[in-house]
>>> print(open('work-v3.cif').read())   # mmCIF, C-alpha atoms
data_protein
#
loop_
_atom_site.label_atom_id
_atom_site.label_comp_id
_atom_site.auth_asym_id
_atom_site.auth_seq_id
_atom_site.Cartn_x
_atom_site.Cartn_y
_atom_site.Cartn_z
CA MET A 18 152.69 93.56 54.73
CA GLU A 19 152.91 89.79 54.49
CA CYS A 20 151.52 87.87 51.49
CA LYS A 21 148.97 86.19 53.77
CA LYS A 22 147.59 89.56 54.88
CA ILE A 23 147.50 90.79 51.25
CA GLU A 24 145.57 87.69 50.24
CA GLU A 25 142.93 88.53 52.86
CA LEU A 26 142.53 92.01 51.42
CA LEU A 27 142.49 91.10 47.73
CA SER A 28 138.69 91.06 47.26
CA ALA A 29 138.30 94.39 49.04
CA TYR A 30 141.15 95.79 46.91
CA ILE A 31 139.58 94.59 43.64
CA GLU A 32 136.12 95.85 44.65
CA GLY A 33 137.51 99.23 45.77
CA GLU A 34 136.43 98.87 49.38
CA LEU A 35 139.79 99.70 51.01
CA ASP A 36 140.61 103.11 52.41
CA ALA A 37 143.33 105.11 50.64
CA ALA A 38 146.18 104.11 52.96
CA ALA A 39 145.44 100.37 52.84
CA ARG A 40 144.93 100.54 49.11
CA GLN A 41 148.30 102.16 48.60
CA GLU A 42 149.99 99.60 50.82
CA VAL A 43 148.41 96.65 48.97
CA GLY A 44 149.27 98.28 45.63
CA GLN A 45 152.91 98.63 46.61
CA HIS A 46 153.06 94.98 47.70
CA LEU A 47 151.49 93.83 44.44
CA ASP A 48 154.09 95.78 42.43
CA ALA A 49 156.83 94.03 44.33
CA CYS A 50 155.43 90.48 44.72
CA SER A 51 154.80 88.56 41.50
CA GLN A 52 153.00 85.70 43.30
CA CYS A 53 150.40 87.99 44.87
CA LYS A 54 150.03 89.90 41.60
CA GLU A 55 149.36 86.64 39.76
CA LEU A 56 146.79 85.65 42.36
CA LYS A 57 145.07 89.05 42.09
CA GLU A 58 144.95 88.84 38.27
CA THR A 59 143.50 85.33 38.39
CA MET A 60 140.87 86.49 40.86
CA GLU A 61 139.98 89.41 38.58
CA GLY A 62 139.70 86.99 35.66
CA LEU A 63 137.41 84.75 37.71
CA LEU A 64 135.18 87.66 38.68
CA GLN A 65 134.84 88.57 35.00
CA SER A 66 134.03 85.00 33.98
CA PHE A 67 131.57 84.13 36.74
CA PRO A 68 128.52 85.99 35.33
CA GLU A 69 128.87 83.89 32.16
CA LEU A 70 128.01 80.82 34.20
CA GLU A 71 124.37 81.93 34.39
CA GLU A 72 122.17 79.94 32.03
CA GLU A 73 118.54 79.86 31.01
CA VAL A 74 116.37 77.12 32.46
CA PRO A 75 116.04 74.29 29.90
CA PHE A 76 112.53 74.15 28.41
CA TYR A 77 111.99 70.53 29.48
CA LEU A 78 112.71 71.44 33.10
CA LYS A 79 110.39 74.44 32.95
CA ASN A 80 107.64 72.17 31.64
CA ARG A 81 108.28 69.68 34.43
CA LEU A 82 108.16 72.46 37.02
CA HIS A 83 104.90 73.81 35.62
CA TYR A 84 103.32 70.38 35.92
CA ILE A 85 104.16 69.82 39.59
CA PRO A 86 100.74 69.79 41.24
CA GLU A 87 100.99 72.37 43.97
CA SER A 88 99.48 70.48 46.83
CA GLN A 89 98.75 66.98 45.69
CA ASP A 90 102.23 65.56 45.86
CA LEU A 91 102.14 64.80 49.55
CA GLU A 92 98.72 63.20 49.16
CA GLU A 93 100.05 61.13 46.29
CA ASP A 94 102.97 60.01 48.42
CA LYS A 95 100.61 59.02 51.21
CA HIS A 96 98.39 56.99 48.88
CA SER A 97 101.04 55.58 46.62
CA TYR A 98 100.81 52.21 48.41
CA ILE A 99 97.20 51.89 47.17
CA LYS A 100 98.43 52.12 43.60
CA TRP A 101 100.96 49.39 44.30
CA ALA A 102 98.37 47.19 45.97
CA VAL A 103 96.02 47.59 42.97
CA ALA A 104 98.86 46.80 40.58
CA VAL A 105 99.83 43.66 42.52
CA VAL A 106 96.23 42.41 42.79
CA GLY A 107 95.63 43.18 39.09
CA THR A 108 98.72 41.25 38.04
CA PHE A 109 97.71 38.34 40.26
CA ILE A 110 94.21 38.20 38.70
CA LEU A 111 95.74 38.38 35.23
CA PHE A 112 97.94 35.37 35.97
CA LEU A 113 95.01 33.45 37.48
CA ASN A 114 93.04 34.02 34.27
CA LEU A 115 96.00 32.99 32.16
CA PHE A 116 96.43 29.69 34.01
CA TYR A 117 92.71 29.06 34.27
CA PHE A 118 91.71 29.62 30.64
CA THR A 119 94.85 28.31 28.95
CA ASN A 120 96.75 25.13 29.41
CA ILE A 121 100.24 26.57 29.36
CA TYR A 122 100.97 25.00 32.74
CA PRO A 123 98.63 22.01 33.24
CA PRO A 124 99.19 21.48 37.02
CA ALA A 125 98.21 25.11 37.70
CA ASN A 126 95.23 24.75 35.37
CA ARG A 127 94.08 21.59 37.16
CA THR A 128 94.56 23.15 40.60
CA LEU A 129 92.64 26.27 39.60
CA HIS A 130 89.77 24.28 38.15
CA GLY A 131 89.74 22.17 41.33
CA ILE A 132 89.62 25.31 43.44
CA ALA A 133 86.88 26.78 41.19
CA SER A 134 84.71 23.65 41.57
CA ASN A 135 85.31 23.64 45.35
CA VAL A 136 84.34 27.28 45.50
CA GLY A 137 81.24 26.51 43.41
CA THR A 138 80.25 23.70 45.75
CA PHE A 139 80.92 25.90 48.74
CA VAL A 140 78.80 28.71 47.27
CA VAL A 141 75.92 26.33 46.52
CA GLU A 142 76.11 24.75 49.97
CA THR A 143 76.32 28.09 51.69
CA GLY A 144 73.36 29.32 49.66
CA ALA A 145 71.37 26.25 50.66
CA PHE A 146 72.39 26.68 54.28
CA PHE A 147 71.26 30.31 54.33
CA GLU A 148 68.07 29.34 52.55
CA LYS A 149 67.40 26.81 55.29
CA ILE A 150 68.08 29.39 58.00
CA LYS A 151 65.74 31.79 56.26
CA GLU A 152 63.04 29.18 56.03
CA SER A 153 63.39 28.15 59.66
CA LYS A 154 63.39 31.83 60.67
CA ASP A 155 60.17 32.37 58.69
CA ILE A 156 58.62 29.31 60.27
CA PHE A 157 59.69 30.48 63.73
CA PHE A 158 58.28 33.99 63.28
CA TYR A 159 55.17 32.65 61.62
CA SER A 160 54.48 30.22 64.44
CA PHE A 161 55.39 32.80 67.13
CA PHE A 162 53.12 35.56 65.82
CA ASN A 163 50.38 33.23 64.68
CA LYS A 164 50.14 31.69 68.14
CA ASP A 165 49.07 35.07 69.54
CA SER A 166 46.74 35.82 66.69
CA GLU A 167 45.31 32.32 66.88
CA LYS A 168 44.76 32.80 70.62
CA ASN A 169 43.08 36.14 69.94
CA ASN A 170 41.04 34.63 67.22
CA ASN A 171 40.07 31.78 69.49
CA ASN A 172 39.20 34.18 72.34
CA SER A 173 37.19 36.41 70.04
CA THR A 174 35.34 33.44 68.57
CA ILE A 175 34.71 32.10 72.09
CA GLY A 176 33.41 35.59 73.09
CA THR A 177 31.12 35.79 70.11
CA LYS A 178 30.01 32.27 70.77
CA ILE A 179 29.18 33.17 74.41
CA GLU A 180 27.51 36.39 73.25
CA SER A 181 25.50 34.60 70.65
CA ASN A 182 24.64 31.83 73.13
CA GLY A 183 23.67 34.43 75.80
CA GLY A 184 21.51 36.24 73.31
CA LYS A 185 19.85 33.05 72.41
CA ASN A 186 19.35 32.07 76.09
CA GLY A 187 18.15 35.54 77.05
CA MET B 9 103.84 82.58 38.45
CA MET B 10 106.34 81.09 40.85
CA VAL B 11 108.12 78.93 38.28
CA ASP B 12 108.59 81.77 35.77
CA ARG B 13 109.80 84.11 38.46
CA TYR B 14 112.19 81.97 40.47
CA SER B 15 113.17 78.95 38.40
CA LYS B 16 116.17 80.66 36.77
CA SER B 17 117.66 81.66 40.08
CA VAL B 18 117.12 78.23 41.65
CA TYR B 19 118.32 76.38 38.54
CA ASN B 20 121.53 78.43 38.38
CA ILE B 21 122.30 77.78 42.02
CA ALA B 22 121.80 74.06 41.40
CA LEU B 23 123.71 74.07 38.10
CA ASN B 24 126.76 75.80 39.47
CA PHE B 25 126.63 73.78 42.65
CA ALA B 26 126.29 70.36 41.01
CA GLY B 27 128.26 71.21 37.87
CA ASN B 28 125.98 69.53 35.34
CA SER B 29 122.48 70.11 34.01
CA ASP B 30 121.12 66.63 34.82
CA ASP B 31 121.81 66.90 38.54
CA ALA B 32 120.79 70.57 38.44
CA SER B 33 117.40 69.67 36.92
CA ASP B 34 116.79 67.04 39.61
CA ILE B 35 117.81 69.42 42.38
CA THR B 36 115.62 72.23 40.99
CA GLN B 37 112.62 69.94 40.71
CA ASP B 38 113.12 68.67 44.27
CA ILE B 39 113.40 72.23 45.56
CA PHE B 40 110.12 73.26 43.91
CA LEU B 41 108.42 70.14 45.27
CA LYS B 42 109.68 71.09 48.73
CA VAL B 43 108.39 74.63 48.25
CA TYR B 44 104.91 73.41 47.31
CA ASN B 45 104.80 70.93 50.15
CA ASN B 46 106.03 73.43 52.77
CA ILE B 47 104.30 76.56 51.53
CA GLU B 48 102.16 76.69 54.68
CA LYS B 49 105.36 77.11 56.75
CA PHE B 50 106.16 80.36 54.93
CA HIS B 51 104.91 83.42 56.82
CA GLU B 52 103.31 85.98 54.56
CA ASP B 53 105.10 88.89 56.20
CA GLY B 54 108.48 87.28 55.38
CA ASN B 55 110.52 87.59 52.23
CA PHE B 56 109.54 84.75 49.91
CA LYS B 57 112.69 84.93 47.81
CA SER B 58 115.04 84.58 50.77
CA TRP B 59 112.88 81.75 52.15
CA LEU B 60 113.14 80.01 48.79
CA LEU B 61 116.89 80.60 48.56
CA ARG B 62 117.39 79.26 52.08
CA LEU B 63 115.47 76.17 51.08
CA ALA B 64 117.56 75.88 47.89
CA LYS B 65 120.81 76.31 49.82
CA ASN B 66 119.88 73.68 52.40
CA HIS B 67 118.71 71.29 49.71
CA CYS B 68 121.96 71.68 47.75
CA ILE B 69 124.00 70.85 50.85
CA ASP B 70 121.75 67.86 51.63
CA TYR B 71 122.05 66.68 48.04
CA TRP B 72 125.83 67.00 48.20
CA ARG B 73 125.92 65.03 51.45
CA LYS B 74 123.75 62.26 50.04
CA ASN B 75 125.33 61.97 46.63
CA LYS B 76 128.82 63.34 47.09
CA ILE B 77 128.74 65.09 43.73
CA ASN B 78 132.50 65.64 43.80
CA LYS B 79 134.35 63.29 41.52
CA SER B 80 138.02 62.53 41.24
CA ARG B 81 140.29 64.97 39.48
CA VAL B 82 141.29 62.41 36.82
CA GLU B 83 137.65 61.78 35.91
CA LEU B 84 137.04 65.52 35.60
CA ASP B 85 139.90 66.05 33.20
CA ASP B 86 138.63 63.21 31.01
CA ASN B 87 135.15 64.68 31.02
CA ILE B 88 136.38 68.12 30.06
CA HIS B 89 138.18 66.62 27.09
CA THR B 90 135.21 64.54 25.96
CA MET B 91 132.80 67.42 26.37
CA ALA B 92 134.99 69.74 24.32
CA GLU B 93 134.98 67.16 21.53
CA ASP B 94 131.22 66.67 21.76
CA ILE B 95 130.50 70.37 21.64
CA GLY B 96 132.98 70.80 18.80
CA GLN B 97 130.79 68.79 16.48
CA LYS B 98 127.71 70.87 17.12
CA THR B 99 128.44 74.52 17.87
CA PRO B 100 130.53 77.40 16.54
CA GLU B 101 134.01 77.95 17.89
CA ASP B 102 133.10 80.82 20.19
CA THR B 103 130.44 78.76 21.89
CA ILE B 104 132.85 75.87 22.26
CA ILE B 105 135.32 78.05 24.10
CA GLN B 106 132.61 79.64 26.21
CA LYS B 107 130.97 76.33 27.09
CA HIS B 108 134.30 74.72 27.72
CA ASP B 109 135.27 77.58 30.04
CA ALA B 110 131.96 77.34 31.85
CA TYR B 111 132.37 73.59 32.25
CA PHE B 112 135.97 74.02 33.40
CA LEU B 113 134.99 76.68 35.93
CA ARG B 114 132.09 74.63 37.30
CA GLU B 115 134.36 71.65 37.76
CA LYS B 116 136.81 73.81 39.70
CA LEU B 117 133.94 75.20 41.78
CA LYS B 118 133.06 71.65 42.76
CA ILE B 119 136.43 71.32 44.47
CA LEU B 120 135.42 73.99 46.99
CA PRO B 121 133.57 72.98 50.17
CA PRO B 122 129.78 73.27 49.63
CA GLU B 123 129.30 76.36 51.77
CA LEU B 124 132.10 78.34 50.08
CA ARG B 125 130.76 77.20 46.71
CA LEU B 126 127.31 78.57 47.55
CA LEU B 127 128.81 81.87 48.68
CA ILE B 128 130.59 82.27 45.33
CA ILE B 129 127.42 81.32 43.44
CA LEU B 130 125.29 83.86 45.28
CA ARG B 131 127.80 86.70 45.22
CA ASP B 132 129.77 86.33 41.99
CA ILE B 133 127.36 84.48 39.70
CA GLN B 134 124.00 85.77 40.92
CA GLY B 135 125.30 89.19 41.98
CA LYS B 136 123.72 89.35 45.43
CA SER B 137 124.97 91.93 47.91
CA TYR B 138 127.16 90.90 50.84
CA GLN B 139 124.39 92.00 53.19
CA GLU B 140 121.78 89.77 51.50
CA ILE B 141 124.15 86.81 51.70
CA ALA B 142 124.97 87.55 55.34
CA ASP B 143 121.23 87.55 56.11
CA GLU B 144 120.76 84.38 54.12
CA PHE B 145 123.52 82.48 55.89
CA GLN B 146 122.82 84.19 59.21
CA ILE B 147 126.47 85.15 59.68
CA PRO B 148 128.01 88.58 60.34
CA LEU B 149 128.79 90.81 57.35
CA GLY B 150 132.54 90.78 58.01
CA THR B 151 132.62 86.97 58.18
CA THR B 152 130.67 86.80 54.90
CA LYS B 153 133.19 89.05 53.18
CA SER B 154 136.19 87.19 54.49
CA ARG B 155 134.71 83.79 53.57
CA ILE B 156 133.94 84.95 50.03
CA ASN B 157 137.47 86.30 49.71
CA ARG B 158 138.82 82.97 50.99
CA ALA B 159 136.72 81.07 48.45
CA ARG B 160 137.91 83.27 45.57
CA ALA B 161 141.54 82.98 46.62
CA LYS B 162 141.23 79.22 46.97
CA LEU B 163 139.71 78.92 43.52
CA ALA B 164 142.32 81.21 41.98
CA LYS B 165 145.08 79.09 43.54
CA ILE B 166 143.54 75.88 42.17
CA ILE B 167 143.43 77.37 38.68
CA LEU B 168 146.96 78.74 38.94
CA SER B 169 148.36 75.41 40.14
CA GLU B 170 146.58 73.54 37.33
CA GLY B 171 147.89 76.04 34.79
CA LYS B 172 151.41 75.51 36.04
CA LYS B 173 150.94 71.73 35.99
CA ASN B 174 149.82 71.89 32.37
CA GLY B 175 152.74 74.21 31.54
CA MET B 176 150.54 77.21 30.74
#
>>> encode(input="work-v3.cif", output="structure tokens")
Amino acid sequence: MECKKIEELLSAYIEGELDAAARQEVGQHLDACSQCKELKETMEGLLQSFPELEEEVPFYLKNRLHYIPESQDLEEDKHSYIKWAVAVVGTFILFLNLFYFTNIYPPANRTLHGIASNVGTFVVETGAFFEKIKESKDIFFYSFFNKDSEKNNNNSTIGTKIESNGGKNG
Amino acid sequence: MMVDRYSKSVYNIALNFAGNSDDASDITQDIFLKVYNNIEKFHEDGNFKSWLLRLAKNHCIDYWRKNKINKSRVELDDNIHTMAEDIGQKTPEDTIIQKHDAYFLREKLKILPPELRLLIILRDIQGKSYQEIADEFQIPLGTTKSRINRARAKLAKIILSEGKKNGM
């Protein structure tokens, strides 16, 4: 048998899976060929050493694995952008406060105060505008509904007047 | 619990595939995350362990593709030397030899193509039967046996050639 063929049968030979004839043939070749014998011995050595490669799971990894939430990870992934948005907005507000309440960068401080006063004015003006709308709405509804009631009142007073006049005349 | 039951098996596949505990820890964690996120895809009548191992196997190959765990031979030899010195300061001699051997073997395993590496891990390190592995890889039994033999022979040749190079 050629060395190549022997090499293909080495695992089966080591694990005792060859039939008697093939086993004898491989055995004879190994006695005669030092290269194949060396290869077979190295393979046997490997097979003995391999089980030693098994290790226990490190405790830190086991802890990490225990703490993986079973179903929430995908949800977290989906909503992770919200966390980032909150973080960005929070940082932005923090910097606004820093520049507004301290004078570490005067131009920013001036600009922010300018913006704040503009916003204040805008809020006051908007409030006044809405107040006016509300007032005019009240006046409109008041006049609209009171017209009818005034008419009714007028009619009813006219009716009573007629009735009272008729009674007097009769 | 799932972690107590399967973490050792998954970790050892990852460890012997990647060759170091840092990468192995990352791979194991990713595999468990995948398991939790895809648990609804597992059919209850199926075998959970083989589903998990298939997931682990696929993840290892993906990880290898993305990160190309293999490093150059020169770098490996340097690492082996450094690690032997590091261990030497901390552990008894027997452990040094054992750990050094394990490190050496894992580095040699990394030279094998990923699929052959996984076959060796499942058969020779985790002691699975040829039939289980054939089912796992969805290849015929004969092909499984011949591939495992090829992987062993390849590894033995690498070790022999290195031994000769180092004059052992």
>>> resolve_selection(input="work-v3.cif", expression="the PyMOL selection byres ((chain B) within 8 of (chain A))", output="MDAnalysis selection string")
chainID B and resid 11 15:16 19:20 24 33 37 40:41 44:45 110 132:134 154 157:158 160:161 164:165 167:168
>>> closest_residue(input="work-v3.cif", among="B:Tyr138, B:Phe56, B:Phe25, B:Tyr14", to="Pro122 (chain B)", atoms="all atoms listed in the file")
B:Phe25
>>> closest_residue(input="work-v3.cif", among="B:Arg114, B:Lys42, B:Lys153, B:Lys162", to="Leu61 (chain B)", atoms="all atoms listed in the file")
B:Lys42
>>> resolve_selection(input="work-v3.cif", expression="the PyMOL selection byres ((chain B and resi 124) around 9)", output="NGL selection string")
:B and (120-123 or 125-129 or 155-156 or 158-160)
>>> resolve_selection(input="work-v3.cif", expression="the PyMOL selection byres ((chain B and resi 64) around 9)", output="PyMOL selection string")
chain B and resi 18+21-22+35-36+39-40+59-63+65-69
